[in-house]
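Asker: Before anything else, here's the structure in question.
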Amino acid sequence: MKRFITLLLALVMLFAIMGTGTAVALDTSEYVELIVYQFGEPEADAQLVIDALNEKLKVDLNCTLKFYWIPWTEYQSTYAMLLTGGEPVDIVYTANWTPFVEHAQKGAFLPLEELLPAYAPICYSRFDEVDWVECSYDGHIYALPSYFTMVLPDGVMYRNDLIKKYGLDPINSVPTLEAYLQAVKDNEPDIIPFHLSGTLDRGVMQLFWFENNWAGFTPLLDKFLAYPVSAAQENLRDVFCYVDTPEFEEFCKMTKDWADKGFWSKSALSNQVPSYDSMPIGRSALSIAHLDRLKGDIGDKIFADNPEWEPTAWFPFDNLGYLFQAATLQDATALPRNCRYPERALAVLDLLINDREYFDLHYYGFEGVHYVLDEQGNITLPEGVSAQTNGFNPGALMNWNFRNMDLWREYANPNQWPDFLPARERARAAAVKDRLNAFQLNRDSIEAELAAIAQLDDQYMKPLLYGAADLSTLEEFRAQLRVAGLEKVLEEVQRQINEYADLYGY
């Protein structure tokens with residue numbers, strides 16, 4: 001309890017100090033180039049848009065931006081090296097999954113509480129105390145929150161033409177999903193039913209959560225912990241190791257059966273191409289991912305290139321009647337410890353996120369070339385341009401952390417996956433706050449155990465989930481978790497979550 005009281009008092013003092021802050025004059029006498037790192041791969045016209053953006057920034061703040069992108073296949077190793085090395089980086093994407101807390105704990109980011117009200121006053125004024133707590137660690141603010149409410153249900157995207165072709169029921173359960181996979185395996189030799197990747201596909205694990213009405217314990221999502229989920233989260237204290245449960249054992253039996261039936265490749269663990277990339281080219285019959293990925297990476301592409309596949313059917317994992325909003329830390333922005341120009345960096349972010357001209361330029365590109373506005377102020381494609389030929393689709397800089405709900409323009413794309421807008425509205429209507437968004441695990445006393453447990457993921461967890469290991473290895477996996485220190489981790493997590501829940505009355 002002492003740590004959380006200390007944290008709360010520190011944050012109260014922090015916000016009292018911040019509340020007295022006012023914008024100050026920014027010294028722009030020296031020209032500087034800011035280094036920005038994002039994830040993913042930019043689109044063809046990205047540099048043209050950056051050049052135009054830099055023309056404006058040179059006039060307004062006497063600076064320019066140099067963008068770099070970290071490929072998804074390299075994000076875990078490259079991102080960590082970026083933050084710990086001596087290379088200059090001024091602005092970087094961060095999120096709970098990168099993972100923010102681990103890097104903050106290691107001193108990777110600059111504290112922002114004194115800088116924000118002075119150099120990013122508009123951004124600072126947009127967020128409440130809870131938002132800042134979510135982006136803080138040990139009493140210091142280390143990230144600028146996302147100003148874009150996200151509710152992203154996971155679900156199954158599948159080909160409706162194959163459902164009709166083989167007289168199958170629409171997918172709405174695990175049995176109907178299995179029937180679909182079996183039909184594809186029996187009748188479509190050129191298609192892998194589920195083209196799983198061992199690196200980026202989350203599909204198998206998301207199916208596990210759906211089956212059991214549990215949620216991964218977010219601060220330790222990769223450490224095999226969960227809790228029983230509910231809208232009120234009255235059971236958030238009940239953290240347990242799901243690897244120990246009979247439900248996990250039954251799930252592994254099922255995935256082993258599916259693997260033996262050939263529902264995915266025997267080389268799935270070494271496959272580097274995820275299902276959301278292979279499905280649009282006809283290599284996979286389905287993908288499991290969150291709504292935005294299903295739309296952008298799969299649905300829109302198939303609807304434009306292969307409408308005869310009828311990818312208008314999907315099965316969302318929202319059977320509980322509610323969905324948790326993502327934390328404001330989901331798409332946040334940090335200044336690394338080796339940021340050379342923090343004042344200028346925050347001033348740039350204040351412009352990019354809050355100024356209409358800057359926002360439209362960096363997020364939508366050139367009006368008349370990459371988009372046009374309709375009568376409602378929404379964007380659509382210029383005549384003769386498709387999403388596939390457009391050199392700069394919305395968010396083509398991969399800068400999701402610079403989005404602003406107030407300036408957001410709806411994308412009226414005639415080739416858009418038709419189910420997307422209704423699905424998004426359904427998700428937003430079911431959204432509730434996640435009480436665990438502000439919880440931050442102190443890892444100091446269990447760092448060695450967490451590192452040892454993490455090593456077991458590739459050795460045991462993935463092979464079991466992919467049906468690539470004999471079920472007899474499950475007991476060995478459970479035993480190795482104990483050797484690695486699982487009991488100590490569970491005890492410490494339970495203590496901290498109890499303190500957190502007591503502090504906030506949960």
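Ordering of the structure tokens sets the chain letters (A, B, ...), residue numbers begin anew at 1 in every chain, and ligands are numbered from 1 in the order given.
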Could you list, as JSON, numbers by chain, every residue within 8 Å of A:Leu83, counting only C-alpha atoms and ignoring same-chain residues fewer than 2 positions away?
Answerer: {"A": [79, 80, 81, 85, 103, 108, 336, 337]}
Asker: Mind checking which residues fall within 6 Å of A:Cys123, counting only C-alpha atoms, ignoring those fewer than 3 positions away in the same chain, and posting them as an mmCIF file with N, CA and C atoms, in the first residue's frame?
Answerer:
data_model
loop_
_atom_site.group_PDB
_atom_site.id
_atom_site.type_symbol
_atom_site.label_atom_id
_atom_site.label_comp_id
_atom_site.auth_asym_id
_atom_site.auth_seq_id
_atom_site.Cartn_x
_atom_site.Cartn_y
_atom_site.Cartn_z
ATOM 1 N N ALA A 120 3.663 22.544 -24.813
ATOM 2 C CA ALA A 120 2.555 21.887 -25.506
ATOM 3 C C ALA A 120 1.258 22.197 -24.758
ATOM 4 N N ARG A 126 -5.942 19.173 -22.827
ATOM 5 C CA ARG A 126 -6.946 18.240 -23.339
ATOM 6 C C ARG A 126 -7.210 17.064 -22.394
ATOM 7 N N ASP A 350 2.380 19.782 -30.505
ATOM 8 C CA ASP A 350 1.202 20.610 -30.252
ATOM 9 C C ASP A 350 0.587 21.097 -31.560
#
Asker: Neighbouring residues of A:Arg428 were defined as those with any atom within 10 Å, considering only C-alpha atoms; residues of the same chain fewer than 6 positions away were excluded. Please report them as a ChimeraX atom specification.
Answerer: /A:149-153,322-325,422
Asker: Could you check which of A:Arg443, A:Thr328, A:Lys266, A:Leu286 is closest to A:Trp132, using only C-alpha atoms?
Answerer: A:Thr328
Asker: Measuring atom to atom with only C-alpha atoms, identify which of A:Glu234, A:Glu308, A:Asp190, A:Glu250 is nearest to A:Ser284.
Answerer: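 Of all the options, A:Asp190 lies closest to A:Ser284.
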Asker: Write out as a PDB file with N, CA, C and O atoms, in the first residue's frame each polymer residue whose atoms come within 12 Å of stretch 59-66 of chain A, counting only C-alpha atoms; drop sequence neighbours fewer than 4 positions from it.
Answerer:
ATOM      1  N   ALA A  25       7.507  31.600 -24.108  1.00  0.00           N
ATOM      2  CA  ALA A  25       8.057  31.885 -25.431  1.00  0.00           C
ATOM      3  C   ALA A  25       9.107  30.836 -25.776  1.00  0.00           C
ATOM      4  O   ALA A  25       9.973  30.512 -24.962  1.00  0.00           O
ATOM      5  N   LEU A  26       9.014  30.298 -26.968  1.00  0.00           N
ATOM      6  CA  LEU A  26       9.938  29.268 -27.424  1.00  0.00           C
ATOM      7  C   LEU A  26      11.064  29.900 -28.225  1.00  0.00           C
ATOM      8  O   LEU A  26      10.816  30.667 -29.158  1.00  0.00           O
ATOM      9  N   ASP A  27      12.272  29.602 -27.859  1.00  0.00           N
ATOM     10  CA  ASP A  27      13.438  30.108 -28.579  1.00  0.00           C
ATOM     11  C   ASP A  27      13.633  29.288 -29.848  1.00  0.00           C
ATOM     12  O   ASP A  27      13.993  28.112 -29.793  1.00  0.00           O
ATOM     13  N   THR A  28      13.370  29.883 -31.001  1.00  0.00           N
ATOM     14  CA  THR A  28      13.523  29.187 -32.283  1.00  0.00           C
ATOM     15  C   THR A  28      14.638  29.807 -33.122  1.00  0.00           C
ATOM     16  O   THR A  28      14.651  29.652 -34.341  1.00  0.00           O
ATOM     17  N   SER A  29      15.540  30.483 -32.472  1.00  0.00           N
ATOM     18  CA  SER A  29      16.590  31.177 -33.231  1.00  0.00           C
ATOM     19  C   SER A  29      17.514  30.197 -33.945  1.00  0.00           C
ATOM     20  O   SER A  29      18.059  30.508 -35.008  1.00  0.00           O
ATOM     21  N   GLU A  30      17.692  29.002 -33.376  1.00  0.00           N
ATOM     22  CA  GLU A  30      18.558  27.998 -33.989  1.00  0.00           C
ATOM     23  C   GLU A  30      17.711  26.985 -34.767  1.00  0.00           C
ATOM     24  O   GLU A  30      16.748  26.429 -34.248  1.00  0.00           O
ATOM     25  N   TYR A  31      18.080  26.760 -36.030  1.00  0.00           N
ATOM     26  CA  TYR A  31      17.397  25.724 -36.817  1.00  0.00           C
ATOM     27  C   TYR A  31      17.809  24.350 -36.313  1.00  0.00           C
ATOM     28  O   TYR A  31      18.990  24.091 -36.037  1.00  0.00           O
ATOM     29  N   VAL A  32      16.816  23.448 -36.167  1.00  0.00           N
ATOM     30  CA  VAL A  32      17.122  22.085 -35.736  1.00  0.00           C
ATOM     31  C   VAL A  32      16.331  21.093 -36.591  1.00  0.00           C
ATOM     32  O   VAL A  32      15.261  21.407 -37.114  1.00  0.00           O
ATOM     33  N   GLU A  33      16.872  19.892 -36.722  1.00  0.00           N
ATOM     34  CA  GLU A  33      16.168  18.783 -37.364  1.00  0.00           C
ATOM     35  C   GLU A  33      15.829  17.761 -36.281  1.00  0.00           C
ATOM     36  O   GLU A  33      16.707  17.278 -35.578  1.00  0.00           O
ATOM     37  N   LEU A  34      14.538  17.434 -36.177  1.00  0.00           N
ATOM     38  CA  LEU A  34      14.073  16.489 -35.178  1.00  0.00           C
ATOM     39  C   LEU A  34      13.970  15.092 -35.787  1.00  0.00           C
ATOM     40  O   LEU A  34      13.408  14.928 -36.879  1.00  0.00           O
ATOM     41  N   ILE A  35      14.473  14.099 -35.087  1.00  0.00           N
ATOM     42  CA  ILE A  35      14.437  12.712 -35.540  1.00  0.00           C
ATOM     43  C   ILE A  35      13.208  12.037 -34.948  1.00  0.00           C
ATOM     44  O   ILE A  35      13.018  12.015 -33.733  1.00  0.00           O
ATOM     45  N   VAL A  36      12.365  11.468 -35.827  1.00  0.00           N
ATOM     46  CA  VAL A  36      11.103  10.853 -35.417  1.00  0.00           C
ATOM     47  C   VAL A  36      11.117   9.383 -35.823  1.00  0.00           C
ATOM     48  O   VAL A  36      11.445   9.055 -36.971  1.00  0.00           O
ATOM     49  N   TYR A  37      10.727   8.499 -34.895  1.00  0.00           N
ATOM     50  CA  TYR A  37      10.620   7.069 -35.198  1.00  0.00           C
ATOM     51  C   TYR A  37       9.187   6.587 -35.013  1.00  0.00           C
ATOM     52  O   TYR A  37       8.556   6.876 -33.993  1.00  0.00           O
ATOM     53  N   GLN A  38       8.682   5.870 -36.033  1.00  0.00           N
ATOM     54  CA  GLN A  38       7.362   5.251 -35.997  1.00  0.00           C
ATOM     55  C   GLN A  38       7.525   3.771 -36.355  1.00  0.00           C
ATOM     56  O   GLN A  38       8.597   3.329 -36.754  1.00  0.00           O
ATOM     57  N   ALA A  46       4.972   9.362 -49.053  1.00  0.00           N
ATOM     58  CA  ALA A  46       5.242   9.827 -47.690  1.00  0.00           C
ATOM     59  C   ALA A  46       6.250  10.964 -47.665  1.00  0.00           C
ATOM     60  O   ALA A  46       6.052  11.976 -46.989  1.00  0.00           O
ATOM     61  N   GLN A  47       7.339  10.837 -48.419  1.00  0.00           N
ATOM     62  CA  GLN A  47       8.368  11.866 -48.360  1.00  0.00           C
ATOM     63  C   GLN A  47       7.883  13.183 -48.957  1.00  0.00           C
ATOM     64  O   GLN A  47       8.276  14.266 -48.497  1.00  0.00           O
ATOM     65  N   VAL A  49       4.892  14.375 -48.712  1.00  0.00           N
ATOM     66  CA  VAL A  49       4.097  15.009 -47.657  1.00  0.00           C
ATOM     67  C   VAL A  49       5.012  15.543 -46.559  1.00  0.00           C
ATOM     68  O   VAL A  49       4.800  16.651 -46.043  1.00  0.00           O
ATOM     69  N   ILE A  50       6.037  14.781 -46.201  1.00  0.00           N
ATOM     70  CA  ILE A  50       6.986  15.244 -45.185  1.00  0.00           C
ATOM     71  C   ILE A  50       7.681  16.518 -45.645  1.00  0.00           C
ATOM     72  O   ILE A  50       7.873  17.459 -44.861  1.00  0.00           O
ATOM     73  N   ASP A  51       8.044  16.582 -46.914  1.00  0.00           N
ATOM     74  CA  ASP A  51       8.699  17.783 -47.439  1.00  0.00           C
ATOM     75  C   ASP A  51       7.787  19.006 -47.297  1.00  0.00           C
ATOM     76  O   ASP A  51       8.238  20.100 -46.907  1.00  0.00           O
ATOM     77  N   ALA A  52       6.506  18.820 -47.611  1.00  0.00           N
ATOM     78  CA  ALA A  52       5.554  19.930 -47.481  1.00  0.00           C
ATOM     79  C   ALA A  52       5.355  20.309 -46.015  1.00  0.00           C
ATOM     80  O   ALA A  52       5.242  21.493 -45.672  1.00  0.00           O
ATOM     81  N   LEU A  53       5.316  19.303 -45.167  1.00  0.00           N
ATOM     82  CA  LEU A  53       5.192  19.537 -43.728  1.00  0.00           C
ATOM     83  C   LEU A  53       6.395  20.331 -43.225  1.00  0.00           C
ATOM     84  O   LEU A  53       6.253  21.292 -42.441  1.00  0.00           O
ATOM     85  N   ASN A  54       7.570  19.975 -43.705  1.00  0.00           N
ATOM     86  CA  ASN A  54       8.787  20.647 -43.262  1.00  0.00           C
ATOM     87  C   ASN A  54       8.859  22.094 -43.738  1.00  0.00           C
ATOM     88  O   ASN A  54       9.440  22.954 -43.057  1.00  0.00           O
ATOM     89  N   GLU A  55       8.292  22.377 -44.883  1.00  0.00           N
ATOM     90  CA  GLU A  55       8.247  23.766 -45.346  1.00  0.00           C
ATOM     91  C   GLU A  55       7.480  24.644 -44.362  1.00  0.00           C
ATOM     92  O   GLU A  55       7.886  25.772 -44.063  1.00  0.00           O
ATOM     93  N   PRO A  88      20.802   9.671 -31.606  1.00  0.00           N
ATOM     94  CA  PRO A  88      19.842  10.738 -31.299  1.00  0.00           C
ATOM     95  C   PRO A  88      18.443  10.416 -31.817  1.00  0.00           C
ATOM     96  O   PRO A  88      18.262  10.054 -32.979  1.00  0.00           O
ATOM     97  N   VAL A  89      17.464  10.515 -30.956  1.00  0.00           N
ATOM     98  CA  VAL A  89      16.050  10.345 -31.292  1.00  0.00           C
ATOM     99  C   VAL A  89      15.288  11.386 -30.493  1.00  0.00           C
ATOM    100  O   VAL A  89      15.467  11.498 -29.279  1.00  0.00           O
ATOM    101  N   ASP A  90      14.428  12.144 -31.165  1.00  0.00           N
ATOM    102  CA  ASP A  90      13.727  13.230 -30.481  1.00  0.00           C
ATOM    103  C   ASP A  90      12.265  12.916 -30.184  1.00  0.00           C
ATOM    104  O   ASP A  90      11.731  13.382 -29.178  1.00  0.00           O
ATOM    105  N   ILE A  91      11.606  12.156 -31.046  1.00  0.00           N
ATOM    106  CA  ILE A  91      10.193  11.822 -30.856  1.00  0.00           C
ATOM    107  C   ILE A  91      10.020  10.357 -31.220  1.00  0.00           C
ATOM    108  O   ILE A  91      10.514   9.907 -32.255  1.00  0.00           O
ATOM    109  N   VAL A  92       9.297   9.605 -30.381  1.00  0.00           N
ATOM    110  CA  VAL A  92       9.131   8.185 -30.657  1.00  0.00           C
ATOM    111  C   VAL A  92       7.737   7.741 -30.219  1.00  0.00           C
ATOM    112  O   VAL A  92       7.176   8.247 -29.245  1.00  0.00           O
ATOM    113  N   TYR A 119       5.311  24.105 -23.238  1.00  0.00           N
ATOM    114  CA  TYR A 119       5.623  23.994 -24.665  1.00  0.00           C
ATOM    115  C   TYR A 119       4.592  23.209 -25.475  1.00  0.00           C
ATOM    116  O   TYR A 119       4.670  23.198 -26.705  1.00  0.00           O
ATOM    117  N   TYR A 341      16.220  18.147 -28.395  1.00  0.00           N
ATOM    118  CA  TYR A 341      15.482  19.410 -28.419  1.00  0.00           C
ATOM    119  C   TYR A 341      14.066  19.201 -27.876  1.00  0.00           C
ATOM    120  O   TYR A 341      13.080  19.289 -28.618  1.00  0.00           O
ATOM    121  N   GLU A 343      11.998  20.963 -25.994  1.00  0.00           N
ATOM    122  CA  GLU A 343      11.042  22.070 -26.100  1.00  0.00           C
ATOM    123  C   GLU A 343      10.484  22.169 -27.518  1.00  0.00           C
ATOM    124  O   GLU A 343       9.283  22.318 -27.728  1.00  0.00           O
ATOM    125  N   ARG A 344      11.379  22.068 -28.497  1.00  0.00           N
ATOM    126  CA  ARG A 344      10.944  22.161 -29.904  1.00  0.00           C
ATOM    127  C   ARG A 344      10.086  20.950 -30.268  1.00  0.00           C
ATOM    128  O   ARG A 344       9.109  21.068 -31.002  1.00  0.00           O
ATOM    129  N   ALA A 345      10.451  19.785 -29.772  1.00  0.00           N
ATOM    130  CA  ALA A 345       9.693  18.570 -30.079  1.00  0.00           C
ATOM    131  C   ALA A 345       8.260  18.680 -29.575  1.00  0.00           C
ATOM    132  O   ALA A 345       7.302  18.333 -30.285  1.00  0.00           O
ATOM    133  N   LEU A 346       8.070  19.156 -28.356  1.00  0.00           N
ATOM    134  CA  LEU A 346       6.713  19.298 -27.824  1.00  0.00           C
ATOM    135  C   LEU A 346       5.924  20.365 -28.568  1.00  0.00           C
ATOM    136  O   LEU A 346       4.718  20.207 -28.800  1.00  0.00           O
ATOM    137  N   ALA A 347       6.583  21.434 -28.950  1.00  0.00           N
ATOM    138  CA  ALA A 347       5.898  22.474 -29.724  1.00  0.00           C
ATOM    139  C   ALA A 347       5.431  21.933 -31.075  1.00  0.00           C
ATOM    140  O   ALA A 347       4.327  22.259 -31.547  1.00  0.00           O
ATOM    141  N   VAL A 348       6.261  21.114 -31.701  1.00  0.00           N
ATOM    142  CA  VAL A 348       5.872  20.482 -32.964  1.00  0.00           C
ATOM    143  C   VAL A 348       4.668  19.580 -32.764  1.00  0.00           C
ATOM    144  O   VAL A 348       3.702  19.619 -33.548  1.00  0.00           O
ATOM    145  N   LEU A 349       4.688  18.769 -31.727  1.00  0.00           N
ATOM    146  CA  LEU A 349       3.563  17.876 -31.450  1.00  0.00           C
ATOM    147  C   LEU A 349       2.282  18.656 -31.200  1.00  0.00           C
ATOM    148  O   LEU A 349       1.194  18.259 -31.645  1.00  0.00           O
ATOM    149  N   ASP A 350       2.380  19.782 -30.505  1.00  0.00           N
ATOM    150  CA  ASP A 350       1.202  20.610 -30.252  1.00  0.00           C
ATOM    151  C   ASP A 350       0.587  21.097 -31.560  1.00  0.00           C
ATOM    152  O   ASP A 350      -0.640  21.165 -31.694  1.00  0.00           O
ATOM    153  N   LEU A 351       1.431  21.414 -32.535  1.00  0.00           N
ATOM    154  CA  LEU A 351       0.937  21.840 -33.848  1.00  0.00           C
ATOM    155  C   LEU A 351       0.374  20.667 -34.650  1.00  0.00           C
ATOM    156  O   LEU A 351      -0.731  20.745 -35.199  1.00  0.00           O
ATOM    157  N   LEU A 352       1.121  19.592 -34.742  1.00  0.00           N
ATOM    158  CA  LEU A 352       0.701  18.451 -35.565  1.00  0.00           C
ATOM    159  C   LEU A 352      -0.642  17.889 -35.108  1.00  0.00           C
ATOM    160  O   LEU A 352      -1.479  17.489 -35.926  1.00  0.00           O
ATOM    161  N   TYR A 358      -2.082  21.582 -40.288  1.00  0.00           N
ATOM    162  CA  TYR A 358      -1.032  20.594 -40.051  1.00  0.00           C
ATOM    163  C   TYR A 358      -1.613  19.184 -39.987  1.00  0.00           C
ATOM    164  O   TYR A 358      -1.059  18.241 -40.565  1.00  0.00           O
ATOM    165  N   HIS A 362      -0.488  16.123 -42.527  1.00  0.00           N
ATOM    166  CA  HIS A 362       0.314  14.953 -42.136  1.00  0.00           C
ATOM    167  C   HIS A 362      -0.505  13.683 -42.078  1.00  0.00           C
ATOM    168  O   HIS A 362       0.041  12.587 -42.185  1.00  0.00           O
ATOM    169  N   LEU A 397       1.813   7.915 -42.864  1.00  0.00           N
ATOM    170  CA  LEU A 397       3.085   8.051 -42.161  1.00  0.00           C
ATOM    171  C   LEU A 397       3.177   7.103 -40.970  1.00  0.00           C
ATOM    172  O   LEU A 397       4.164   7.119 -40.234  1.00  0.00           O
TER     173      LEU A 397
END
Asker: Out of A:Lys488, A:Arg340, A:Arg435, A:Arg482, which residue has the shortest atom-to-atom distance to A:Glu134 when counting only C-alpha atoms?
Answerer: A:Arg435
Asker: Between atom CA of A:Ala326 and atom CA of A:Glu41, what is the distance in Å, rounded to a tenth?
Answerer: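 That distance, rounded to one decimal, is 23.3 Å.
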Asker: If we count only C-alpha atoms, what is near stretch 267-278 of chain A at a cut-off of 10 Å, once residues fewer than 6 positions away on the same chain are taken out, given as a PyMOL selection string?
Answerer: chain A and resi 73+157+191-203+259+284-289+293-299+458+462-463+466-468
Asker: Using atom CA of A:Lys256 and atom CA of A:Pro280 as the two end points, give the distance in Å to one decimal.
Answerer: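 That distance, rounded to one decimal, is 26.4 Å.
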Asker: Would you pick out the contacts of A:Gly485 at 8 Å or less, using only C-alpha atoms, so that residues sharing its chain but fewer than 2 positions from it are not included, and give the list as number ranges by chain?
Answerer: A: 449-450, 452-453, 481-483, 487-489
Asker: Please extract the residues of stretch 195-375 of chain A with a backbone DSSP assignment of alpha helix (DSSP H) and present them as number ranges by chain.
Answerer: A: 203-212, 246-260, 275-278, 291-293, 300-305, 342-354, 356-364
Asker: From the DSSP assignment of the backbone, select every residue of stretch 290-412 of chain A that is strand (DSSP E or B), and format the answer as a short mmCIF file (atom, residue, chain, number, x, y, z; two decimals) with all heavy atoms, in the first residue's frame.
Answerer:
data_model
loop_
_atom_site.label_atom_id
_atom_site.label_comp_id
_atom_site.auth_asym_id
_atom_site.auth_seq_id
_atom_site.Cartn_x
_atom_site.Cartn_y
_atom_site.Cartn_z
N HIS A 290 -7.68 -7.45 -34.80
CA HIS A 290 -8.59 -6.42 -34.32
C HIS A 290 -9.25 -5.71 -35.51
O HIS A 290 -8.80 -5.79 -36.65
CB HIS A 290 -7.91 -5.44 -33.37
CG HIS A 290 -6.82 -4.60 -33.97
ND1 HIS A 290 -7.04 -3.65 -34.93
CD2 HIS A 290 -5.48 -4.58 -33.74
CE1 HIS A 290 -5.92 -3.06 -35.27
NE2 HIS A 290 -4.94 -3.61 -34.56
N ALA A 313 -18.44 -10.65 -44.31
CA ALA A 313 -18.85 -11.33 -43.09
C ALA A 313 -17.69 -11.41 -42.13
O ALA A 313 -16.57 -11.74 -42.51
CB ALA A 313 -19.34 -12.74 -43.43
N TRP A 314 -17.96 -11.08 -40.88
CA TRP A 314 -16.94 -11.27 -39.87
C TRP A 314 -17.64 -11.59 -38.56
O TRP A 314 -18.80 -11.25 -38.35
CB TRP A 314 -16.02 -10.07 -39.76
CG TRP A 314 -16.47 -8.95 -38.87
CD1 TRP A 314 -17.61 -8.20 -38.98
CD2 TRP A 314 -15.78 -8.46 -37.71
NE1 TRP A 314 -17.67 -7.27 -37.99
CE2 TRP A 314 -16.57 -7.40 -37.19
CE3 TRP A 314 -14.60 -8.80 -37.08
CZ2 TRP A 314 -16.20 -6.68 -36.06
CZ3 TRP A 314 -14.23 -8.08 -35.95
CH2 TRP A 314 -15.02 -7.04 -35.46
N PHE A 315 -16.91 -12.24 -37.69
CA PHE A 315 -17.44 -12.67 -36.40
C PHE A 315 -16.66 -11.96 -35.30
O PHE A 315 -15.51 -12.30 -35.03
CB PHE A 315 -17.31 -14.19 -36.27
CG PHE A 315 -17.57 -14.72 -34.90
CD1 PHE A 315 -18.63 -14.27 -34.13
CD2 PHE A 315 -16.74 -15.71 -34.37
CE1 PHE A 315 -18.85 -14.75 -32.85
CE2 PHE A 315 -16.96 -16.21 -33.10
CZ PHE A 315 -18.01 -15.72 -32.33
N PRO A 316 -17.25 -10.94 -34.66
CA PRO A 316 -16.52 -10.21 -33.61
C PRO A 316 -16.56 -10.94 -32.28
O PRO A 316 -17.57 -11.54 -31.91
CB PRO A 316 -17.29 -8.89 -33.53
CG PRO A 316 -18.68 -9.24 -33.92
CD PRO A 316 -18.57 -10.36 -34.93
N LEU A 323 -17.12 -3.93 -24.40
CA LEU A 323 -15.73 -3.94 -24.85
C LEU A 323 -14.96 -2.89 -24.08
O LEU A 323 -15.50 -1.81 -23.80
CB LEU A 323 -15.65 -3.64 -26.35
CG LEU A 323 -16.27 -4.65 -27.30
CD1 LEU A 323 -16.47 -4.03 -28.67
CD2 LEU A 323 -15.40 -5.89 -27.42
N PHE A 324 -13.74 -3.18 -23.74
CA PHE A 324 -12.93 -2.21 -23.02
C PHE A 324 -12.30 -1.21 -23.98
O PHE A 324 -11.76 -1.57 -25.03
CB PHE A 324 -11.82 -2.91 -22.23
CG PHE A 324 -12.32 -3.69 -21.04
CD1 PHE A 324 -11.97 -5.01 -20.88
CD2 PHE A 324 -13.14 -3.09 -20.12
CE1 PHE A 324 -12.42 -5.73 -19.79
CE2 PHE A 324 -13.60 -3.80 -19.03
CZ PHE A 324 -13.25 -5.12 -18.85
N ALA A 332 0.60 6.44 -27.83
CA ALA A 332 1.14 7.62 -27.16
C ALA A 332 2.47 8.03 -27.80
O ALA A 332 2.99 7.35 -28.69
CB ALA A 332 1.32 7.34 -25.67
N THR A 333 2.98 9.16 -27.33
CA THR A 333 4.23 9.70 -27.88
C THR A 333 5.17 10.05 -26.73
O THR A 333 4.76 10.67 -25.75
CB THR A 333 3.95 10.98 -28.70
OG1 THR A 333 2.91 10.72 -29.65
CG2 THR A 333 5.20 11.42 -29.44
N ALA A 334 6.42 9.66 -26.87
CA ALA A 334 7.41 9.94 -25.83
C ALA A 334 8.61 10.67 -26.43
O ALA A 334 8.85 10.63 -27.64
CB ALA A 334 7.86 8.64 -25.17
N PRO A 336 12.52 10.37 -26.04
CA PRO A 336 13.55 9.53 -25.44
C PRO A 336 14.53 10.33 -24.59
O PRO A 336 14.66 11.55 -24.75
CB PRO A 336 14.26 8.93 -26.67
CG PRO A 336 13.24 8.99 -27.76
CD PRO A 336 12.48 10.24 -27.51
N GLU A 367 -4.75 17.69 -50.58
CA GLU A 367 -6.12 17.75 -51.08
C GLU A 367 -6.10 17.86 -52.60
O GLU A 367 -5.31 18.61 -53.19
CB GLU A 367 -6.86 18.96 -50.48
CG GLU A 367 -8.32 19.02 -50.87
CD GLU A 367 -9.09 20.13 -50.18
OE1 GLU A 367 -8.46 20.91 -49.41
OE2 GLU A 367 -10.31 20.23 -50.40
N TYR A 371 -6.83 13.09 -51.59
CA TYR A 371 -8.20 13.08 -51.08
C TYR A 371 -8.94 14.33 -51.57
O TYR A 371 -8.30 15.32 -51.99
CB TYR A 371 -8.23 13.05 -49.55
CG TYR A 371 -7.82 14.36 -48.89
CD1 TYR A 371 -8.77 15.30 -48.51
CD2 TYR A 371 -6.47 14.65 -48.65
CE1 TYR A 371 -8.40 16.51 -47.92
CE2 TYR A 371 -6.09 15.84 -48.06
CZ TYR A 371 -7.06 16.77 -47.69
OH TYR A 371 -6.70 17.96 -47.12
N VAL A 372 -10.24 14.28 -51.54
CA VAL A 372 -11.09 15.45 -51.73
C VAL A 372 -12.13 15.44 -50.61
O VAL A 372 -12.41 14.40 -50.01
CB VAL A 372 -11.80 15.45 -53.10
CG1 VAL A 372 -10.79 15.62 -54.22
CG2 VAL A 372 -12.60 14.16 -53.30
N LEU A 373 -12.69 16.60 -50.32
CA LEU A 373 -13.69 16.72 -49.27
C LEU A 373 -15.09 16.69 -49.87
O LEU A 373 -15.35 17.31 -50.91
CB LEU A 373 -13.50 18.03 -48.50
CG LEU A 373 -12.19 18.19 -47.73
CD1 LEU A 373 -12.13 19.57 -47.08
CD2 LEU A 373 -12.08 17.11 -46.66
N ILE A 379 -13.56 12.93 -46.07
CA ILE A 379 -12.66 12.78 -47.20
C ILE A 379 -13.09 11.58 -48.04
O ILE A 379 -13.63 10.60 -47.54
CB ILE A 379 -11.19 12.61 -46.76
CG1 ILE A 379 -11.00 11.32 -45.97
CG2 ILE A 379 -10.72 13.80 -45.96
CD1 ILE A 379 -9.55 10.97 -45.76
N THR A 380 -12.88 11.73 -49.32
CA THR A 380 -13.07 10.62 -50.24
C THR A 380 -11.96 10.68 -51.27
O THR A 380 -11.14 11.62 -51.26
CB THR A 380 -14.46 10.68 -50.89
OG1 THR A 380 -14.70 9.47 -51.63
CG2 THR A 380 -14.58 11.88 -51.83
N ASN A 404 -6.29 13.11 -33.72
CA ASN A 404 -7.09 14.00 -32.88
C ASN A 404 -8.57 13.77 -33.21
O ASN A 404 -9.00 13.99 -34.34
CB ASN A 404 -6.70 15.46 -33.16
CG ASN A 404 -7.43 16.45 -32.28
OD1 ASN A 404 -8.53 16.19 -31.79
ND2 ASN A 404 -6.82 17.60 -32.08
N TYR A 411 -13.62 8.74 -43.48
CA TYR A 411 -13.10 8.35 -44.79
C TYR A 411 -14.23 7.71 -45.59
O TYR A 411 -14.59 6.56 -45.36
CB TYR A 411 -11.94 7.37 -44.61
CG TYR A 411 -11.21 6.98 -45.89
CD1 TYR A 411 -11.25 7.78 -47.03
CD2 TYR A 411 -10.46 5.81 -45.94
CE1 TYR A 411 -10.56 7.41 -48.17
CE2 TYR A 411 -9.76 5.44 -47.08
CZ TYR A 411 -9.83 6.25 -48.19
OH TYR A 411 -9.15 5.88 -49.34
#
